[in-house]
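Working notes, beginning with the structure itself.
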Amino acid sequence: MRRVWQIARRDFIESVRSPTFIILVLIVPVILVISIAVPRLLEESADPSRFALVDLPQEWSSRLMSIYESDTDAHSDLTLTTMDTPAGGDAKAHRDALADKVRATELFGYVTVEENANGERTAAITTRTAGQDDGARWLSRTLPAIIRSERAARLGVQPEIVAQLDAPVSIRSYLVPVAAGTEGPKAASETDRFAAWAPMIFTYLLWIVVFSLTQRLLVAMIEEKSNRTIEIILSSCSPMEFMAGKVLGGIVEGVVVLAVWLSALFLAAAYFSNKYLHGLDLTVFFARRDHLALFTLYFILGYVMFAAIIVGLGSLCNTIKDTQGLMTPIMLVMMAPVLVMTYVGQHPETALSIGLSWVPFFTPFLMMNRVAANPPAGPLEIVGSFILLGVTIWVVVWASSKLFRVGILMYGKTPRLREIIKLLHSREARAIPRAD
Amino acid sequence: MEYAVELESVTKRFGSVVAVDDISLRVPSGSTYGILGPNGAGKTTTIRMIAGIFGPDEGRLSVLGAHSGIEVRPRIGYLPEEKGLYKKMQAIDLLMHFGGLKGLSSADARSRATSLMRQFGLGDYLYRKCEALSKGMQQKLQVLLTVLHEPELLILDEPFSGLDPVNVEMMRDLVLDQQRAGRTVLFSTHIMETAEKMCDHVCLFHKGRKVLDGTLADVKSAHAGGIILEFDGDGAYLHSLPEVARVNDYAHHAEVFLRDSIAPQELLKKAMERLTIRRFEVAQPSLHEIFVRTVKEPT
């Protein structure tokens with residue numbers, strides 16, 4: 001076991017020092033920061049857009065200013081200044097002068113009054129850019145309410161009725177828990193909605209980690225094989241210990257990557273949600289700790305299974321080019337659960353969903369989705385899936401170690417599938433005594 | 001006599017190719033034992049079986065009293081013919097890693113690695129990455145990681161192959177040091193002269209089979225010697241002499257083998273007629289000669 005740790009430790013240290021690993025670890029936090037914080041930080045760092053209110057009716061101006069004063073969030077988006085045409089002045093010349101101020105970036109835009117086709121007074125917003133600006137958006141939301149209330153007054157509708165008509169209508173959602181013995185429908189919470197994201201995120205994480213780390217594992221192994229370091233190693237440990245060390249090093253790498261990514265997600269959830277996501281609470285992603293624990297277990301078992309397959313097959317290759325032919329079927333197998341996970345999440349009770357989740361190579365991915373679905377996979381199924389994965393890993397490690405024994409000192413042409421099956425039954429694969 | 005390594009009717013096949021065919025040999029403890037033979041003779045396969053890298057298909061192996069090299073890995077040092085390193089690792093970390101695999105504690109491995117690197121002139125390169133070292137330094141490092149854990153049995157596969165002249169000398173000194181420390185050194189080579197100078201026991205392989213073995217003295221005394229001639233003139237003349245059975249001709253140096261019942265003086269007399277003789281010595285046969293003669297004999 002000491003030698004297994006020694007090999008795992010070297011591989012892990014070598015890996016974490018490599019630029020590829022550092023990029024892999026940082027990619028999720030960087031994407032989170034870029035996609036969530038940067039746009040908001042840039043917006044925050046910009047000055048509020050300056051708008052001029054030009055010749056607006058007094059009641060519009062005063063209501064607009066009143067709403068603006070009470071809406072403190074809007075203060076970071078825009079400022080409002082009244083710039084009416086001077087008494088006896090030319091309104092058109094005044095607006096031309098304002099347009100010049102917009103061009104000169106002294107103003108972001110201005111609000112004027114015009115008549116629509118029905119002869120009704122309405123507002124017009126003139127800005128420097130055609131794109132959406134938070135200030136312009138605020139005006140587009142607020143002005144119609146003022147105009148509607150003027151219209152209601154003209155039609156003799158009570159302001160209270162207008163307020164009632166303007167009040168937002170919310171549609172509530174209820175969930176019917178399918179698990180036996182549970183109570184009736186319950187109101188769907190944000191937790192329920194966002195918890196459904198978790199398995200998908202884990203599925204993608206597992207996929208990315210397996211794909212990227214096993215590539216690194218393959219490259220390292222091919223290097224050891226091509227420069228014959230492997231021979232010195234195999235004079236110090238058994239092929240099984242070497243393979244176990246490689247896989248274990250990979251597991252530690254995978255867990256580190258997962259831990260960093262989840263921490264980044266957690267920090268983003270804790271610190272960015274309210275500030276930058278308009279109150280959207282991402283911490284609900286972490287609300288089901290039982291799910292997170294199960295996902296982590298499926299993640300580790302899934303990684304071990306695929307890493308063992310890849311190490312076994314990779315030992316038969318001598319160049320990166322050789323690996324492409326062997327890795328393509330594995331990558332295709334890994335793609336399948338990603339393609340069906342949405343279906344499984346929405347229809348977890350169908351025979352197809354259940355059947356697919358019991359295909360060992362799909363189990364880690366699809367059980368994550370079924371655990372978080374409604375109805376969720378039961379405890380027996382969860383335990384059964386772990387047993388299935390345990391047995392599969394045992395078989396995979398057994399077959400891979402046989403291939404590894406032969407493959408690691410095999411140079412020349414990469415064997416085809418038929419030859420690989422033959423190798424599994426070869427004398428060479430059995431020739432090494434068990435590790436002490 | 002105690003034996004560090006014993007092989008009894010060992011056979012190893014790769015598919016339809018028989019790489020090692022029914023080999024039996026005994027390596028006495030504390031000896032310097034050479035496995036000799038041309039490329040493809042089965043030397044590396046035999047050495048890999050002894051080192052525990054793979055097992056035999058048939059036959060029995062005993063290494064340092066164990067049934068396989070695997071069981072006594074920490075007591076074996078192995079240097080393969082093609083020597084590789086982890087290029088991105090620091091030199092000291094590399095030695096410590098392999099020392100750790102051989103069972104050394106981290107502190108022991110560090111102290112031995114530091115001391116060995118200083119002893120072999122690599123003291124200034126402890127923390128350099130292997131890829132930053134010259135080829136000669138890398139070769140030294142590869143040798144050092146083989147002896148770091150002070151193995152009882154040192155197995156070297158073509159140890160002099162690819163070494164620069166300075167490192168050839170270092171390797172030779174290292175083998176001598178191990179020999180003097182009472183350790184067993186087993187190495188393979190296809191260069192007979194090297195084995196002749198360093199080994200006390202030899203074993204000759206040809207096409208996967210052992211053709212002869214024994215102490216160097218026994219092997220040589222069992223074969224009739226040749227006559228060493230150093231001369232000026234056209235050596236082709238020696239080939240034309242009816243008294244001469246065969247000549248290993250090196251232009252101005254020749255190893256001459258006479259037909260049965262021909263006395264060396266007859267050759268000297270004839271040679272002096274056409275050549276200026278600078279050296280004439282009735283010598284033991286070289287290992288090269290013994291090998292050539294042995295494999296040419298019908299089996």
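For the structure tokens, the naming scheme is as follows: chains receive sequential letters (A, B, ...) according to their order of presentation, residues are indexed from 1 within each chain, and ligands are indexed from 1 in presentation order.
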Give me, as number ranges by chain, the residues of range 78-145 of chain B that a backbone DSSP run labels alpha helix (DSSP H). B: 91-101, 106-119, 135-145
Write the residues of the preceding selection, restricted to N, CA and C atoms, as a CSV table (one decimal), in the first residue's frame.
```
chain,number,residue,atom,x,y,z
B,91,ALA,N,16.0,16.7,-9.5
B,91,ALA,CA,16.9,15.5,-9.4
B,91,ALA,C,16.7,14.8,-8.0
B,92,ILE,N,16.7,15.6,-7.0
B,92,ILE,CA,16.7,15.0,-5.6
B,92,ILE,C,15.3,14.3,-5.4
B,93,ASP,N,14.3,14.9,-5.9
B,93,ASP,CA,12.9,14.4,-5.7
B,93,ASP,C,12.8,13.0,-6.5
B,94,LEU,N,13.5,13.0,-7.6
B,94,LEU,CA,13.5,11.7,-8.4
B,94,LEU,C,14.1,10.6,-7.6
B,95,LEU,N,15.3,10.9,-7.1
B,95,LEU,CA,16.0,9.9,-6.3
B,95,LEU,C,15.2,9.5,-5.1
B,96,MET,N,14.6,10.5,-4.4
B,96,MET,CA,13.8,10.2,-3.2
B,96,MET,C,12.5,9.3,-3.6
B,97,HIS,N,11.9,9.6,-4.7
B,97,HIS,CA,10.8,8.9,-5.2
B,97,HIS,C,11.1,7.4,-5.3
B,98,PHE,N,12.2,7.1,-6.1
B,98,PHE,CA,12.5,5.7,-6.3
B,98,PHE,C,13.0,5.1,-5.0
B,99,GLY,N,13.7,5.9,-4.2
B,99,GLY,CA,14.1,5.4,-2.9
B,99,GLY,C,12.9,5.0,-2.1
B,100,GLY,N,11.9,5.8,-2.1
B,100,GLY,CA,10.7,5.5,-1.4
B,100,GLY,C,10.0,4.2,-1.9
B,101,LEU,N,10.0,4.0,-3.2
B,101,LEU,CA,9.5,2.8,-3.8
B,101,LEU,C,10.2,1.6,-3.3
B,106,SER,N,11.6,8.7,4.0
B,106,SER,CA,11.8,10.0,3.3
B,106,SER,C,13.1,10.6,3.7
B,107,ALA,N,13.4,10.6,5.0
B,107,ALA,CA,14.6,11.2,5.6
B,107,ALA,C,15.8,10.4,5.1
B,108,ASP,N,15.8,9.1,5.1
B,108,ASP,CA,16.9,8.3,4.6
B,108,ASP,C,17.2,8.5,3.2
B,109,ALA,N,16.1,8.5,2.4
B,109,ALA,CA,16.2,8.7,0.9
B,109,ALA,C,16.9,10.1,0.7
B,110,ARG,N,16.4,11.1,1.4
B,110,ARG,CA,17.0,12.4,1.1
B,110,ARG,C,18.5,12.5,1.5
B,111,SER,N,18.8,11.9,2.6
B,111,SER,CA,20.2,12.0,3.0
B,111,SER,C,21.1,11.2,2.1
B,112,ARG,N,20.6,10.0,1.7
B,112,ARG,CA,21.5,9.2,0.8
B,112,ARG,C,21.6,9.8,-0.6
B,113,ALA,N,20.4,10.4,-1.0
B,113,ALA,CA,20.4,11.0,-2.4
B,113,ALA,C,21.4,12.2,-2.4
B,114,THR,N,21.3,13.0,-1.3
B,114,THR,CA,22.2,14.2,-1.3
B,114,THR,C,23.7,13.7,-1.3
B,115,SER,N,24.0,12.8,-0.4
B,115,SER,CA,25.3,12.3,-0.3
B,115,SER,C,25.8,11.7,-1.6
B,116,LEU,N,25.0,10.9,-2.3
B,116,LEU,CA,25.4,10.2,-3.5
B,116,LEU,C,25.6,11.3,-4.6
B,117,MET,N,24.7,12.2,-4.7
B,117,MET,CA,24.8,13.2,-5.8
B,117,MET,C,26.1,14.0,-5.6
B,118,ARG,N,26.4,14.4,-4.3
B,118,ARG,CA,27.6,15.1,-4.1
B,118,ARG,C,28.8,14.3,-4.5
B,119,GLN,N,28.8,13.0,-4.1
B,119,GLN,CA,29.9,12.1,-4.3
B,119,GLN,C,30.2,11.9,-5.8
B,135,LYS,N,23.0,15.3,-20.8
B,135,LYS,CA,22.7,13.9,-21.0
B,135,LYS,C,23.6,13.0,-20.1
B,136,GLY,N,24.8,13.4,-20.0
B,136,GLY,CA,25.8,12.7,-19.1
B,136,GLY,C,25.3,12.7,-17.6
B,137,MET,N,24.8,13.9,-17.2
B,137,MET,CA,24.3,14.0,-15.8
B,137,MET,C,23.1,13.1,-15.6
B,138,GLN,N,22.2,13.1,-16.6
B,138,GLN,CA,21.0,12.3,-16.5
B,138,GLN,C,21.4,10.8,-16.4
B,139,GLN,N,22.4,10.4,-17.2
B,139,GLN,CA,22.9,9.0,-17.1
B,139,GLN,C,23.4,8.7,-15.7
B,140,LYS,N,24.1,9.6,-15.1
B,140,LYS,CA,24.6,9.4,-13.7
B,140,LYS,C,23.5,9.2,-12.8
B,141,LEU,N,22.5,10.1,-12.9
B,141,LEU,CA,21.3,10.1,-12.0
B,141,LEU,C,20.6,8.7,-12.1
B,142,GLN,N,20.5,8.2,-13.4
B,142,GLN,CA,19.8,6.9,-13.6
B,142,GLN,C,20.6,5.8,-12.9
B,143,VAL,N,21.9,5.9,-12.9
B,143,VAL,CA,22.7,4.9,-12.2
B,143,VAL,C,22.6,5.1,-10.7
B,144,LEU,N,22.5,6.3,-10.2
B,144,LEU,CA,22.5,6.5,-8.8
B,144,LEU,C,21.1,6.0,-8.2
B,145,LEU,N,20.1,6.2,-9.0
B,145,LEU,CA,18.8,5.7,-8.4
B,145,LEU,C,18.7,4.2,-8.3
```
Starting from chain B, keep only residues with some atom at most 9 Å from an atom of chain A, counting only C-alpha atoms, and report them as a count of residues only. 37
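Each of B:Ser16, B:Ser31, B:Ser161, B:Ser9 was compared to Val175 in chain B using only C-alpha atoms, and B:Ser31 turns out to be the nearest.
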Quick check, in Å to one decimal: how far apart do CA of Leu297 in chain A and CA of Leu380 in chain A lie?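 CA of Leu380 in chain A lies 15.9 Å from CA of Leu297 in chain A.
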Env of Leu61 in chain B: 6 Å cut, atoms = only C-alpha atoms, seq-sep filter 5 positions within chain, self excluded. Answer as a ChimeraX atom specification. /B:6-7,67
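The set of residues in range 33-272 of chain A assigned to strand (DSSP E or B) by DSSP, using only backbone atoms of this structure, is Ser49, Arg50, Phe51, Ala52, Leu53, Leu78, Thr79, Leu80, Thr81, Thr82, Gly109, Tyr110, Val111, Thr112, Val113, Glu114, Glu115, Arg121, Thr122, Ala123, Ala124, Ile125, Thr126, Thr127, Tyr174, Leu175, Lys186 and Ala187 of chain A.
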Pick from A:Ser263, A:Trp398, A:Leu366, A:Pro375, whichever lies nearest to Gly312 in chain A using only C-alpha atoms: A:Trp398
CA of Val209 in chain A and CA of Val333 in chain A, how far apart in Å?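 Distance reported for this atom pair: 15.3 Å.
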